[in-house]
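Containing TSV, C-alpha atoms: start-v1.tsv.
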chain	number	residue	atom	x	y	z
F	172	MET	CA	-3.35	-37.54	4.14
F	173	SER	CA	-6.83	-37.10	5.59
F	174	GLY	CA	-7.25	-38.90	8.91
F	175	GLU	CA	-11.05	-38.76	8.53
F	176	MET	CA	-10.87	-41.18	5.57
F	177	LEU	CA	-8.94	-43.85	7.43
F	178	ASP	CA	-10.50	-46.69	9.38
F	179	GLY	CA	-9.08	-49.23	11.80
F	180	VAL	CA	-7.62	-51.28	8.95
F	181	THR	CA	-6.29	-48.63	6.57
F	182	SER	CA	-4.71	-46.66	9.44
F	183	ASP	CA	-2.55	-49.62	10.49
F	184	PRO	CA	0.86	-48.08	11.33
F	185	LEU	CA	2.79	-50.81	9.54
F	186	THR	CA	0.76	-50.29	6.38
F	187	MET	CA	1.30	-46.54	6.60
F	188	GLY	CA	5.03	-46.99	7.20
F	189	TRP	CA	5.50	-44.62	10.12
F	190	MET	CA	9.10	-44.48	11.34
F	191	GLN	CA	10.20	-47.31	9.03
F	192	GLY	CA	13.65	-47.15	7.50
F	193	ILE	CA	17.06	-46.09	8.81
F	194	PRO	CA	16.48	-43.22	8.85
F	195	PRO	CA	12.75	-43.02	8.10
F	196	LEU	CA	11.69	-41.17	4.97
F	197	ALA	CA	10.86	-37.52	5.61
F	198	ASP	CA	7.11	-38.00	5.06
F	199	ARG	CA	7.06	-41.02	7.40
F	200	LEU	CA	9.02	-39.34	10.20
F	201	LEU	CA	7.19	-38.42	13.41
F	202	LEU	CA	8.47	-35.42	15.36
F	203	THR	CA	7.65	-34.13	18.83
F	204	SER	CA	8.17	-30.57	17.58
F	205	ARG	CA	5.10	-30.96	15.35
F	206	ALA	CA	3.11	-32.86	17.99
F	207	ASP	CA	2.98	-35.78	15.57
F	208	HIS	CA	2.78	-38.17	18.52
F	209	MET	CA	-0.63	-36.77	19.46
F	210	ARG	CA	-2.26	-36.60	16.01
F	211	PHE	CA	-4.18	-39.27	14.15
F	212	PRO	CA	-3.21	-41.41	12.26
F	213	MET	CA	0.34	-41.08	13.63
F	214	ILE	CA	-0.88	-42.04	17.10
F	215	ARG	CA	-1.30	-45.59	15.86
F	216	TRP	CA	2.51	-45.77	15.97
F	217	SER	CA	3.38	-43.25	18.68
F	218	TYR	CA	1.14	-44.61	21.44
F	219	SER	CA	3.25	-47.76	21.42
F	220	ASN	CA	6.48	-45.75	21.46
F	221	MET	CA	5.94	-42.74	23.73
F	222	ARG	CA	9.46	-42.90	25.19
F	223	GLN	CA	10.74	-41.56	21.87
F	224	PHE	CA	8.70	-38.36	22.18
F	225	VAL	CA	8.58	-37.25	25.83
F	226	PRO	CA	10.82	-37.82	28.88
F	227	SER	CA	9.85	-40.56	31.29
F	228	ARG	CA	10.94	-42.23	34.48
F	229	ARG	CA	11.16	-45.98	34.91
F	230	VAL	CA	8.70	-47.89	37.09
F	231	GLY	CA	10.76	-50.90	38.08
F	232	ALA	CA	9.42	-54.43	38.10
F	233	GLY	CA	10.79	-57.12	40.33
F	234	VAL	CA	11.95	-60.57	39.28
F	235	GLY	CA	10.03	-63.80	38.94
F	236	GLY	CA	6.83	-62.45	37.42
F	237	LYS	CA	4.94	-65.17	35.58
F	238	PRO	CA	2.64	-64.71	32.59
F	239	PHE	CA	-0.98	-65.74	32.77
F	240	GLU	CA	-1.80	-69.24	31.65
F	241	ARG	CA	-3.31	-69.34	28.16
F	242	ALA	CA	-6.52	-71.25	27.45
F	243	LEU	CA	-7.37	-69.55	24.17
F	244	ARG	CA	-10.83	-69.91	22.70
F	245	ASP	CA	-10.76	-68.70	19.12
F	246	GLU	CA	-14.52	-69.05	18.80
F	247	LEU	CA	-14.91	-66.00	21.05
F	248	ALA	CA	-13.93	-63.86	18.07
F	249	GLU	CA	-17.34	-64.68	16.59
F	250	VAL	CA	-19.41	-63.63	19.61
F	251	PRO	CA	-22.16	-61.39	18.17
F	252	PHE	CA	-23.63	-58.24	19.68
F	253	THR	CA	-25.48	-55.11	18.68
F	254	PRO	CA	-23.79	-51.74	19.32
F	255	LEU	CA	-25.76	-49.07	21.15
F	256	ASN	CA	-28.09	-47.05	18.93
F	257	CYS	CA	-27.53	-49.43	16.05
F	258	ASP	CA	-29.55	-52.16	14.36
F	259	ALA	CA	-26.70	-54.06	12.71
F	260	THR	CA	-25.04	-56.94	14.55
F	261	VAL	CA	-21.25	-57.20	14.59
F	262	THR	CA	-18.87	-59.82	15.90
F	263	PHE	CA	-16.38	-59.25	18.66
F	264	TRP	CA	-13.59	-59.58	16.08
F	265	GLU	CA	-15.14	-56.96	13.80
F	266	SER	CA	-15.52	-54.59	16.72
F	267	LEU	CA	-11.78	-54.64	17.41
F	268	THR	CA	-10.75	-52.88	14.21
F	269	GLN	CA	-13.77	-50.59	14.42
F	270	ALA	CA	-12.48	-49.48	17.84
F	271	PHE	CA	-8.91	-49.02	16.47
F	272	THR	CA	-7.66	-51.68	18.88
F	273	ASP	CA	-3.90	-52.09	19.29
F	274	GLY	CA	-4.05	-55.05	21.68
F	275	ILE	CA	-6.62	-56.86	23.80
F	276	LEU	CA	-6.56	-59.58	26.47
F	277	VAL	CA	-9.64	-61.24	27.93
F	278	LEU	CA	-9.14	-63.12	31.18
F	279	HIS	CA	-11.64	-65.64	32.51
F	280	ARG	CA	-11.01	-67.17	35.91
F	281	GLY	CA	-7.40	-66.06	35.72
F	282	LYS	CA	-6.58	-67.50	32.29
F	283	VAL	CA	-6.20	-65.65	28.99
F	284	VAL	CA	-9.03	-66.90	26.78
F	285	PHE	CA	-8.72	-64.31	24.02
F	286	GLU	CA	-5.67	-62.36	22.81
F	287	ARG	CA	-5.10	-60.23	19.73
F	288	TRP	CA	-2.43	-57.74	18.62
F	289	PHE	CA	-2.48	-55.15	15.85
F	290	GLY	CA	-0.03	-52.85	14.09
F	291	VAL	CA	3.22	-52.26	15.97
F	292	THR	CA	1.82	-53.33	19.36
F	293	GLY	CA	2.82	-56.68	20.84
F	294	PRO	CA	3.28	-58.46	24.18
F	295	GLU	CA	6.50	-56.58	24.98
F	296	THR	CA	5.22	-53.14	23.94
F	297	ARG	CA	4.86	-50.37	26.52
F	298	HIS	CA	1.71	-48.66	25.25
F	299	ILE	CA	0.46	-45.47	26.86
F	300	ALA	CA	-2.55	-46.05	29.12
F	301	PHE	CA	-3.52	-42.37	29.47
F	302	SER	CA	-6.17	-41.92	32.19
F	303	VAL	CA	-6.14	-45.57	33.19
F	304	THR	CA	-3.10	-44.26	35.11
F	305	LYS	CA	-5.56	-42.47	37.41
F	306	SER	CA	-6.87	-45.75	38.80
F	307	PHE	CA	-3.36	-46.74	39.90
F	308	VAL	CA	-3.11	-43.38	41.69
F	309	GLY	CA	-6.53	-43.74	43.32
F	310	THR	CA	-5.74	-47.23	44.53
F	311	ILE	CA	-2.51	-46.12	46.21
F	312	ALA	CA	-4.33	-43.18	47.80
F	313	GLU	CA	-6.90	-45.59	49.23
F	314	MET	CA	-4.05	-47.73	50.57
F	315	LEU	CA	-2.68	-44.71	52.44
F	316	LEU	CA	-6.14	-43.98	53.83
F	317	GLU	CA	-6.35	-47.56	55.07
F	318	GLU	CA	-2.96	-47.15	56.78
F	319	GLY	CA	-4.10	-43.96	58.51
F	320	ARG	CA	-1.47	-41.86	56.77
F	321	LEU	CA	-3.98	-39.88	54.76
F	322	ASP	CA	-7.19	-38.37	56.14
F	323	PRO	CA	-10.04	-38.13	53.60
F	324	ALA	CA	-11.66	-35.18	55.41
F	325	THR	CA	-8.51	-33.05	55.69
F	326	PRO	CA	-8.11	-30.10	53.29
F	327	VAL	CA	-5.48	-30.48	50.59
F	328	ALA	CA	-3.62	-27.39	51.81
F	329	HIS	CA	-2.74	-29.23	55.02
F	330	TYR	CA	-0.58	-31.61	53.02
F	331	LEU	CA	0.36	-29.25	50.16
F	332	PRO	CA	0.61	-25.66	51.43
F	333	GLU	CA	1.72	-24.67	47.91
F	334	LEU	CA	-1.94	-25.06	46.90
F	335	ALA	CA	-3.45	-23.06	49.79
F	336	ASN	CA	-4.51	-20.16	47.53
F	337	SER	CA	-5.66	-22.32	44.63
F	338	GLY	CA	-9.01	-23.94	43.96
F	339	PHE	CA	-7.72	-27.08	45.62
F	340	GLY	CA	-6.75	-25.44	48.91
F	341	ASP	CA	-9.99	-25.96	50.84
F	342	ALA	CA	-11.04	-29.12	49.00
F	343	SER	CA	-10.89	-32.28	51.06
F	344	VAL	CA	-8.73	-35.21	50.04
F	345	GLN	CA	-11.89	-37.23	49.43
F	346	GLN	CA	-13.31	-34.58	47.12
F	347	VAL	CA	-10.11	-34.68	45.08
F	348	MET	CA	-10.19	-38.49	44.99
F	349	HIS	CA	-13.80	-38.57	43.79
F	350	MET	CA	-13.41	-35.50	41.53
F	351	THR	CA	-16.19	-33.55	43.23
F	352	THR	CA	-14.03	-30.43	43.41
F	353	ALA	CA	-15.35	-27.15	42.02
F	354	LEU	CA	-12.64	-25.77	39.76
F	355	ASP	CA	-12.29	-23.23	36.98
F	356	PHE	CA	-11.03	-25.86	34.55
F	357	SER	CA	-12.54	-27.37	31.42
F	358	GLU	CA	-11.48	-30.77	30.11
F	359	ASP	CA	-12.81	-30.44	26.57
F	360	TYR	CA	-10.39	-32.28	24.28
F	361	ALA	CA	-12.02	-30.78	21.19
F	362	ASP	CA	-11.52	-27.17	22.40
F	363	PRO	CA	-7.93	-25.91	21.95
F	364	ASN	CA	-8.67	-23.07	24.40
F	365	SER	CA	-9.88	-25.32	27.22
F	366	GLY	CA	-7.99	-25.89	30.43
F	367	ILE	CA	-6.57	-29.14	29.09
F	368	GLY	CA	-4.54	-27.10	26.57
F	369	ALA	CA	-2.88	-24.99	29.27
F	370	TYR	CA	-2.31	-28.10	31.34
F	371	SER	CA	-0.64	-29.87	28.41
F	372	ALA	CA	1.57	-26.85	27.72
F	373	ALA	CA	2.76	-26.76	31.33
F	374	LEU	CA	3.40	-30.49	31.27
F	375	GLY	CA	5.25	-30.29	27.96
F	376	LEU	CA	3.28	-33.15	26.43
F	377	THR	CA	2.91	-31.08	23.27
F	378	PRO	CA	4.99	-28.15	21.95
F	379	ARG	CA	4.37	-24.82	23.61
F	380	PRO	CA	3.19	-21.99	21.35
F	381	ASP	CA	5.64	-19.32	20.25
F	382	GLY	CA	6.12	-16.71	22.95
F	383	TYR	CA	4.73	-18.96	25.64
F	384	ALA	CA	5.33	-17.45	29.09
F	385	GLY	CA	3.16	-19.67	31.26
F	386	PRO	CA	4.04	-22.40	33.77
F	387	THR	CA	6.64	-24.89	32.61
F	388	ASN	CA	5.90	-27.72	35.04
F	389	LEU	CA	2.97	-29.13	36.96
F	390	ALA	CA	4.04	-27.78	40.36
F	391	SER	CA	3.87	-24.23	39.00
F	392	TYR	CA	0.70	-24.82	36.98
F	393	LEU	CA	-1.59	-26.46	39.55
F	394	PRO	CA	-1.61	-23.43	41.92
F	395	THR	CA	-3.01	-21.31	39.05
F	396	ILE	CA	-6.28	-23.27	38.93
F	397	SER	CA	-8.91	-21.31	40.82
F	398	LYS	CA	-12.12	-22.32	42.52
F	399	ALA	CA	-15.51	-22.03	40.79
F	400	GLY	CA	-18.46	-22.93	43.00
F	401	GLU	CA	-18.67	-25.19	46.05
F	402	HIS	CA	-16.82	-28.42	46.44
F	403	GLY	CA	-18.73	-31.65	46.92
F	404	GLN	CA	-21.79	-30.75	44.83
F	405	GLY	CA	-21.19	-33.12	41.92
F	406	PHE	CA	-18.69	-35.11	39.88
F	407	THR	CA	-16.82	-33.34	37.08
F	408	TYR	CA	-13.99	-35.16	35.39
F	409	ARG	CA	-10.82	-33.04	35.64
F	410	THR	CA	-7.34	-34.53	35.32
F	411	PRO	CA	-5.58	-31.97	37.58
F	412	ASN	CA	-7.33	-33.64	40.53
F	413	THR	CA	-5.20	-36.70	39.92
F	414	GLU	CA	-2.02	-34.65	39.64
F	415	VAL	CA	-2.78	-33.14	43.05
F	416	LEU	CA	-3.53	-36.57	44.50
F	417	ALA	CA	-0.25	-38.03	43.22
F	418	TRP	CA	1.68	-34.99	44.47
F	419	LEU	CA	0.06	-35.47	47.85
F	420	ILE	CA	1.00	-39.17	47.87
F	421	ALA	CA	4.59	-38.38	46.93
F	422	ARG	CA	4.80	-35.75	49.67
F	423	ILE	CA	3.56	-38.21	52.31
F	424	GLU	CA	5.83	-41.01	51.13
F	425	GLY	CA	8.82	-38.74	50.53
F	426	LYS	CA	9.53	-40.45	47.19
F	427	HIS	CA	8.95	-39.95	43.49
F	428	PHE	CA	5.58	-41.29	42.44
F	429	ALA	CA	7.20	-43.71	39.97
F	430	ASP	CA	9.12	-45.31	42.83
F	431	ILE	CA	5.97	-45.53	44.95
F	432	LEU	CA	4.16	-47.20	42.07
F	433	SER	CA	7.00	-49.70	41.75
F	434	GLU	CA	7.17	-50.51	45.47
F	435	ARG	CA	3.44	-50.55	46.16
F	436	LEU	CA	2.10	-52.31	43.07
F	437	TRP	CA	4.60	-53.22	40.35
F	438	GLN	CA	6.92	-55.43	42.33
F	439	PRO	CA	4.38	-56.99	44.75
F	440	LEU	CA	1.98	-57.87	41.91
F	441	GLY	CA	4.76	-59.56	39.95
F	442	MET	CA	4.45	-57.39	36.85
F	443	LEU	CA	6.25	-58.91	33.90
F	444	GLY	CA	8.17	-55.80	32.93
F	445	ASP	CA	9.20	-52.28	33.82
F	446	ALA	CA	6.87	-49.45	32.87
F	447	ASP	CA	7.52	-45.82	31.92
F	448	LEU	CA	5.90	-42.80	33.55
F	449	ILE	CA	6.03	-39.48	31.68
F	450	VAL	CA	7.54	-36.60	33.65
F	451	ASP	CA	7.58	-32.84	33.12
F	452	GLN	CA	10.80	-30.87	32.76
F	453	ALA	CA	11.12	-30.66	36.55
F	454	GLY	CA	10.82	-34.44	36.82
F	455	MET	CA	7.31	-34.45	38.32
F	456	ALA	CA	5.12	-37.37	37.27
F	457	PHE	CA	2.32	-37.02	34.74
F	458	ALA	CA	0.13	-39.09	37.04
F	459	GLY	CA	-3.11	-38.15	35.33
F	460	GLY	CA	-2.27	-40.12	32.21
F	461	GLY	CA	1.44	-40.76	31.65
F	462	LEU	CA	1.89	-44.48	32.30
F	463	SER	CA	3.13	-46.74	29.49
F	464	LEU	CA	3.13	-50.44	30.28
F	465	ARG	CA	2.68	-53.93	28.90
F	466	LEU	CA	-0.90	-55.00	28.25
F	467	GLU	CA	-0.51	-58.14	30.35
F	468	ASP	CA	0.57	-56.00	33.31
F	469	LEU	CA	-2.48	-53.80	32.80
F	470	ALA	CA	-4.61	-56.95	32.91
F	471	ARG	CA	-2.74	-58.15	36.01
F	472	PHE	CA	-3.73	-55.01	37.91
F	473	GLY	CA	-7.39	-55.40	36.93
F	474	GLU	CA	-7.38	-59.09	37.80
F	475	ALA	CA	-5.83	-58.36	41.20
F	476	MET	CA	-8.68	-55.96	41.92
F	477	ARG	CA	-11.23	-58.55	40.80
F	478	LEU	CA	-9.73	-61.08	43.20
F	479	GLY	CA	-9.81	-58.76	46.22
F	480	GLY	CA	-6.24	-57.45	46.11
F	481	VAL	CA	-4.31	-60.78	46.13
F	482	GLY	CA	-2.55	-59.83	49.35
F	483	VAL	CA	-1.07	-56.66	47.83
F	484	VAL	CA	-4.05	-54.33	48.11
F	485	SER	CA	-6.09	-54.70	51.28
F	486	PRO	CA	-9.50	-56.35	50.76
F	487	ARG	CA	-11.01	-53.36	52.59
F	488	VAL	CA	-9.44	-51.01	50.05
F	489	VAL	CA	-10.76	-53.10	47.18
F	490	GLU	CA	-14.21	-53.13	48.75
F	491	ARG	CA	-14.23	-49.33	49.07
F	492	ILE	CA	-13.13	-48.95	45.47
F	493	ARG	CA	-15.72	-51.42	44.21
F	494	ARG	CA	-18.42	-49.59	46.14
F	495	GLY	CA	-17.91	-46.62	43.82
F	496	GLY	CA	-18.88	-43.01	44.27
F	497	ASP	CA	-22.28	-41.42	44.76
F	498	PRO	CA	-24.45	-41.96	41.65
F	499	ALA	CA	-26.35	-38.81	42.57
F	500	HIS	CA	-23.18	-36.84	41.86
F	501	PHE	CA	-22.83	-38.30	38.36
F	502	ASP	CA	-23.72	-35.99	35.46
F	503	ARG	CA	-26.18	-38.04	33.44
F	504	SER	CA	-26.47	-35.39	30.73
F	505	ARG	CA	-22.73	-35.43	30.12
F	506	TYR	CA	-22.53	-39.24	30.02
F	507	PRO	CA	-25.80	-40.41	28.44
F	508	GLN	CA	-24.26	-43.79	27.54
F	509	LEU	CA	-23.41	-44.48	31.20
F	510	PRO	CA	-26.76	-44.60	33.05
F	511	GLY	CA	-26.49	-45.61	36.68
F	512	TRP	CA	-22.73	-45.07	36.81
F	513	SER	CA	-20.58	-43.27	39.37
F	514	TYR	CA	-16.98	-42.18	39.78
F	515	GLY	CA	-14.99	-42.82	42.94
F	516	SER	CA	-11.39	-43.32	44.02
F	517	GLN	CA	-10.34	-42.59	40.41
F	518	TRP	CA	-12.34	-45.57	39.07
F	519	TRP	CA	-15.55	-45.74	37.01
F	520	HIS	CA	-18.43	-47.88	38.31
F	521	SER	CA	-21.45	-49.39	36.56
F	522	HIS	CA	-23.97	-49.85	39.36
F	523	ASN	CA	-26.64	-51.26	37.03
F	524	ASN	CA	-24.34	-53.90	35.56
F	525	ARG	CA	-23.58	-56.52	38.21
F	526	GLY	CA	-21.01	-54.34	39.95
F	527	CYS	CA	-18.68	-53.99	36.98
F	528	PHE	CA	-16.00	-51.35	37.37
F	529	SER	CA	-13.48	-49.88	35.00
F	530	ALA	CA	-10.36	-47.82	34.46
F	531	ARG	CA	-10.73	-45.68	31.33
F	532	GLY	CA	-8.34	-43.62	29.25
F	533	ILE	CA	-8.72	-41.48	26.15
F	534	HIS	CA	-8.57	-43.08	22.70
F	535	GLY	CA	-9.85	-46.40	24.09
F	536	GLN	CA	-7.50	-47.50	26.88
F	537	THR	CA	-9.45	-49.81	29.18
F	538	ILE	CA	-9.51	-52.14	32.15
F	539	TRP	CA	-12.96	-53.72	32.49
F	540	VAL	CA	-13.63	-55.87	35.55
F	541	ASP	CA	-16.77	-58.02	35.73
F	542	PRO	CA	-16.74	-59.85	39.08
F	543	GLU	CA	-19.88	-61.89	38.43
F	544	ALA	CA	-18.59	-63.19	35.08
F	545	GLU	CA	-15.12	-63.74	36.61
F	546	MET	CA	-13.77	-61.73	33.69
F	547	THR	CA	-11.17	-59.01	33.27
F	548	ILE	CA	-10.52	-57.27	29.95
F	549	ALA	CA	-7.52	-55.07	29.16
F	550	ARG	CA	-7.35	-53.10	25.93
F	551	PHE	CA	-4.98	-50.67	24.27
F	552	ALA	CA	-6.25	-48.60	21.38
F	553	SER	CA	-5.57	-45.52	19.27
F	554	HIS	CA	-9.03	-44.29	18.32
F	555	PRO	CA	-8.96	-41.02	16.37
F	556	ILE	CA	-11.39	-39.38	18.82
F	557	ALA	CA	-10.09	-38.88	22.34
F	558	ALA	CA	-13.31	-38.98	24.37
F	559	ASN	CA	-14.60	-42.43	25.30
F	560	GLY	CA	-18.06	-41.46	24.14
F	561	ALA	CA	-16.83	-42.21	20.62
F	562	ASN	CA	-16.21	-45.90	21.28
F	563	ASP	CA	-18.53	-46.68	24.22
F	564	PRO	CA	-21.46	-47.55	21.92
F	565	LEU	CA	-19.30	-50.33	20.52
F	566	SER	CA	-17.19	-51.32	23.51
F	567	LEU	CA	-19.72	-51.47	26.34
F	568	PRO	CA	-22.02	-53.99	24.62
F	569	ALA	CA	-18.93	-55.90	23.46
F	570	TRP	CA	-17.82	-56.42	27.07
F	571	GLU	CA	-21.34	-57.46	28.02
F	572	ALA	CA	-21.55	-59.95	25.15
F	573	MET	CA	-18.19	-61.45	26.09
F	574	ALA	CA	-19.29	-61.84	29.72
F	575	HIS	CA	-22.45	-63.61	28.61
F	576	ALA	CA	-20.49	-65.94	26.33
F	577	LEU	CA	-18.07	-66.85	29.11
F	578	LYS	CA	-20.85	-67.57	31.58
F	579	CYS	CA	-22.65	-69.93	29.20
Full structure transcribed into structure tokens:
Amino acid sequence: MSGEMLDGVTSDPLTMGWMQGIPPLADRLLLTSRADHMRFPMIRWSYSNMRQFVPSRRVGAGVGGKPFERALRDELAEVPFTPLNCDATVTFWESLTQAFTDGILVLHRGKVVFERWFGVTGPETRHIAFSVTKSFVGTIAEMLLEEGRLDPATPVAHYLPELANSGFGDASVQQVMHMTTALDFSEDYADPNSGIGAYSAALGLTPRPDGYAGPTNLASYLPTISKAGEHGQGFTYRTPNTEVLAWLIARIEGKHFADILSERLWQPLGMLGDADLIVDQAGMAFAGGGLSLRLEDLARFGEAMRLGGVGVVSPRVVERIRRGGDPAHFDRSRYPQLPGWSYGSQWWHSHNNRGCFSARGIHGQTIWVDPEAEMTIARFASHPIAANGANDPLSLPAWEAMAHALKC
């Protein structure tokens, strides 16, 4: 069945019948050995069920977490806007299926004003957040900086001598946090020969090719990434930076990163449920994109950042994160739809848009925080194209239109 012919309605995983039946029919069965969990349209089922395809470690929630109050406004579905580079107006509701949305929550002043679910995704689902995971990592790193346990100017090799001879060895912690490292690594999702392919093979996220003799875990893969240029010259998005940052955090704390995430954020924020964090075959966290969690817990993290940390994250940490990175380091040619943006502390920042900031993951995973509009949006999706450039023309004006509607 051709994925190119399917849209956000016809690719619905319930309609397509993935993994239905006991056992599922052979042509509806999704297998890790074929990388079905990473191919469209099967991702519309698998992204809500990643525990069935790859190993993970539990991120434990505490007790007593309370859901957000609901003050639903159904009329928000009809909010109109015009996508970038387009003349036709669409409604917020229409944009959801066009973006292959699996679930969305819009918070205004701490209450859920809009909520929709699609396919096999629901309030209890642990959907993979992909690179939104990075913003959890960056926030914890900033917390350690605030506590004086991590020095932003110190070279990575001081904390992780295993990386002394790699491209990370002489990079500062801050350069890793802001992704201004100079590395021989390409993150081109459309190129099977890019660095992201070797990274995925080491991680075990997808099947390794026949005869594979490369690294079989992240700790053995990261030292193989070499330096290319001078650190600190500009921002280039590379997921291995986050893996190094999480490894560094785990080394300082002396605990698995999943346990740190639980103790530092999950339990104190009162998350409603446990999460799952993908691990490699050595048990090391896939911190660059392996977190699966409930959508309401994703929204809770974004809302906590909007409100200054709610006593869990220091207001000074939140302020540093909201300040963003250096816009001069941002590659405008690579991100033409993001003028005036920056990247810092593993968060994305829209400096021309009232101080909005965002956590972004491939295939449409999103936290969007608009402090001025007192709005936080959390979205899960399974867009057929990985890079956010495919859905930004629709999503960015949708968030802006929703903010305007809520302020009126």
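Rounded to one decimal, CA of Met209 in chain F and CA of Leu376 in chain F lie 8.8 Å from each other.
Residue nearest Thr262 in chain F, chosen from F:Ala248, F:Ala557, F:Ala576, F:Ile420 and counting all atoms listed in the file: F:Ala248.
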### Task
Name the residues in contact with Leu315 in chain F at a cut-off of 10 Å, using all atoms listed in the file, excluding same-chain residues fewer than 4 positions from it; report them as an MDAnalysis selection string.
chainID F and resid 309:311 319:323 420 423:424 488
### From F:Thr325, F:Thr387, F:Ser433, F:Asn559, residue lying nearest Gly231 in chain F [only C-alpha atoms]
F:Ser433
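Across the structure, CA of Arg210 in chain F and CA of Asn412 in chain F are spaced 25.2 Å apart.
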### Task
For Val481 in chain F, list every protein, DNA or RNA residue within 12 Å, evaluated using only C-alpha atoms, and leave out those in the same chain fewer than 4 positions away; present the list as a ChimeraX atom specification.
/F:436,439-441,471-477,485-489
#### Entry: Exercise: Gln269 in chain F partners within 12 Å, only C-alpha atoms, chain neighbours under 6 positions left out, as a ChimeraX atom specification
/F:177-183,254,261-263,535,552-555,561-566,569
Limited to C-alpha atoms, could you put the picked residues into a file as a PDB file, in the coordinates of the input?
ATOM      1  CA  LEU F 177      -8.940 -43.850   7.430  1.00  0.00           C
ATOM      2  CA  ASP F 178     -10.500 -46.690   9.380  1.00  0.00           C
ATOM      3  CA  GLY F 179      -9.080 -49.230  11.800  1.00  0.00           C
ATOM      4  CA  VAL F 180      -7.620 -51.280   8.950  1.00  0.00           C
ATOM      5  CA  THR F 181      -6.290 -48.630   6.570  1.00  0.00           C
ATOM      6  CA  SER F 182      -4.710 -46.660   9.440  1.00  0.00           C
ATOM      7  CA  ASP F 183      -2.550 -49.620  10.490  1.00  0.00           C
ATOM      8  CA  PRO F 254     -23.790 -51.740  19.320  1.00  0.00           C
ATOM      9  CA  VAL F 261     -21.250 -57.200  14.590  1.00  0.00           C
ATOM     10  CA  THR F 262     -18.870 -59.820  15.900  1.00  0.00           C
ATOM     11  CA  PHE F 263     -16.380 -59.250  18.660  1.00  0.00           C
ATOM     12  CA  GLY F 535      -9.850 -46.400  24.090  1.00  0.00           C
ATOM     13  CA  ALA F 552      -6.250 -48.600  21.380  1.00  0.00           C
ATOM     14  CA  SER F 553      -5.570 -45.520  19.270  1.00  0.00           C
ATOM     15  CA  HIS F 554      -9.030 -44.290  18.320  1.00  0.00           C
ATOM     16  CA  PRO F 555      -8.960 -41.020  16.370  1.00  0.00           C
ATOM     17  CA  ALA F 561     -16.830 -42.210  20.620  1.00  0.00           C
ATOM     18  CA  ASN F 562     -16.210 -45.900  21.280  1.00  0.00           C
ATOM     19  CA  ASP F 563     -18.530 -46.680  24.220  1.00  0.00           C
ATOM     20  CA  PRO F 564     -21.460 -47.550  21.920  1.00  0.00           C
ATOM     21  CA  LEU F 565     -19.300 -50.330  20.520  1.00  0.00           C
ATOM     22  CA  SER F 566     -17.190 -51.320  23.510  1.00  0.00           C
ATOM     23  CA  ALA F 569     -18.930 -55.900  23.460  1.00  0.00           C
TER      24      ALA F 569
END
Spatial neighbours of Ala369 in chain F, max dist 12 Å, all atoms listed in the file, sep filter under 3 positions, as a short mmCIF file (atom, residue, chain, number, x, y, z; two decimals) with C-alpha atoms, in the coordinates of the input:
data_model
loop_
_atom_site.label_atom_id
_atom_site.label_comp_id
_atom_site.auth_asym_id
_atom_site.auth_seq_id
_atom_site.Cartn_x
_atom_site.Cartn_y
_atom_site.Cartn_z
CA PHE F 356 -11.03 -25.86 34.55
CA SER F 357 -12.54 -27.37 31.42
CA GLU F 358 -11.48 -30.77 30.11
CA ASP F 359 -12.81 -30.44 26.57
CA TYR F 360 -10.39 -32.28 24.28
CA ASP F 362 -11.52 -27.17 22.40
CA PRO F 363 -7.93 -25.91 21.95
CA ASN F 364 -8.67 -23.07 24.40
CA SER F 365 -9.88 -25.32 27.22
CA GLY F 366 -7.99 -25.89 30.43
CA ALA F 372 1.57 -26.85 27.72
CA ALA F 373 2.76 -26.76 31.33
CA LEU F 374 3.40 -30.49 31.27
CA GLY F 375 5.25 -30.29 27.96
CA LEU F 376 3.28 -33.15 26.43
CA THR F 377 2.91 -31.08 23.27
CA PRO F 378 4.99 -28.15 21.95
CA ARG F 379 4.37 -24.82 23.61
CA PRO F 380 3.19 -21.99 21.35
CA TYR F 383 4.73 -18.96 25.64
CA ALA F 384 5.33 -17.45 29.09
CA GLY F 385 3.16 -19.67 31.26
CA PRO F 386 4.04 -22.40 33.77
CA THR F 387 6.64 -24.89 32.61
CA ASN F 388 5.90 -27.72 35.04
CA LEU F 389 2.97 -29.13 36.96
CA SER F 391 3.87 -24.23 39.00
CA TYR F 392 0.70 -24.82 36.98
CA LEU F 393 -1.59 -26.46 39.55
CA THR F 395 -3.01 -21.31 39.05
CA ILE F 396 -6.28 -23.27 38.93
CA PRO F 411 -5.58 -31.97 37.58
#
Given only C-alpha atoms, how would the per-residue table for range 526-547 of chain F near range 299-307 of chain F read, listing every residue at most 8 Å away with its closest atom pair and distance in Å to one decimal, sorted by chain and number, as a Markdown table?
| residue | atom | partner | partner_atom | distance |
| --- | --- | --- | --- | --- |
| F:Ala530 | CA | F:Val303 | CA | 4.9 |
| F:Arg531 | CA | F:Val303 | CA | 5.0 |
| F:Gly532 | CA | F:Ser302 | CA | 4.0 |
| F:Ile533 | CA | F:Phe301 | CA | 6.2 |
| F:Gln536 | CA | F:Ala300 | CA | 5.6 |
| F:Thr537 | CA | F:Val303 | CA | 6.7 |
| F:Ile538 | CA | F:Val303 | CA | 7.5 |
#### Entry: All residues 8 Å or closer to Leu276 in chain F, only C-alpha atoms, same chain fewer than 2 positions away omitted, as a PyMOL selection string
chain F and resi 274+278+283-287+466-467+470+548-550
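If you measure from each of F:Leu432, F:Ala390, F:Ala259, F:Val415 to Pro326 in chain F using only C-alpha atoms, the closest one turns out to be F:Val415.
Candidate residues F:Val450, F:Ile556, F:Gly340, F:Ser516 were compared for distance to Phe224 in chain F, and the nearest is F:Val450, using all atoms listed in the file.
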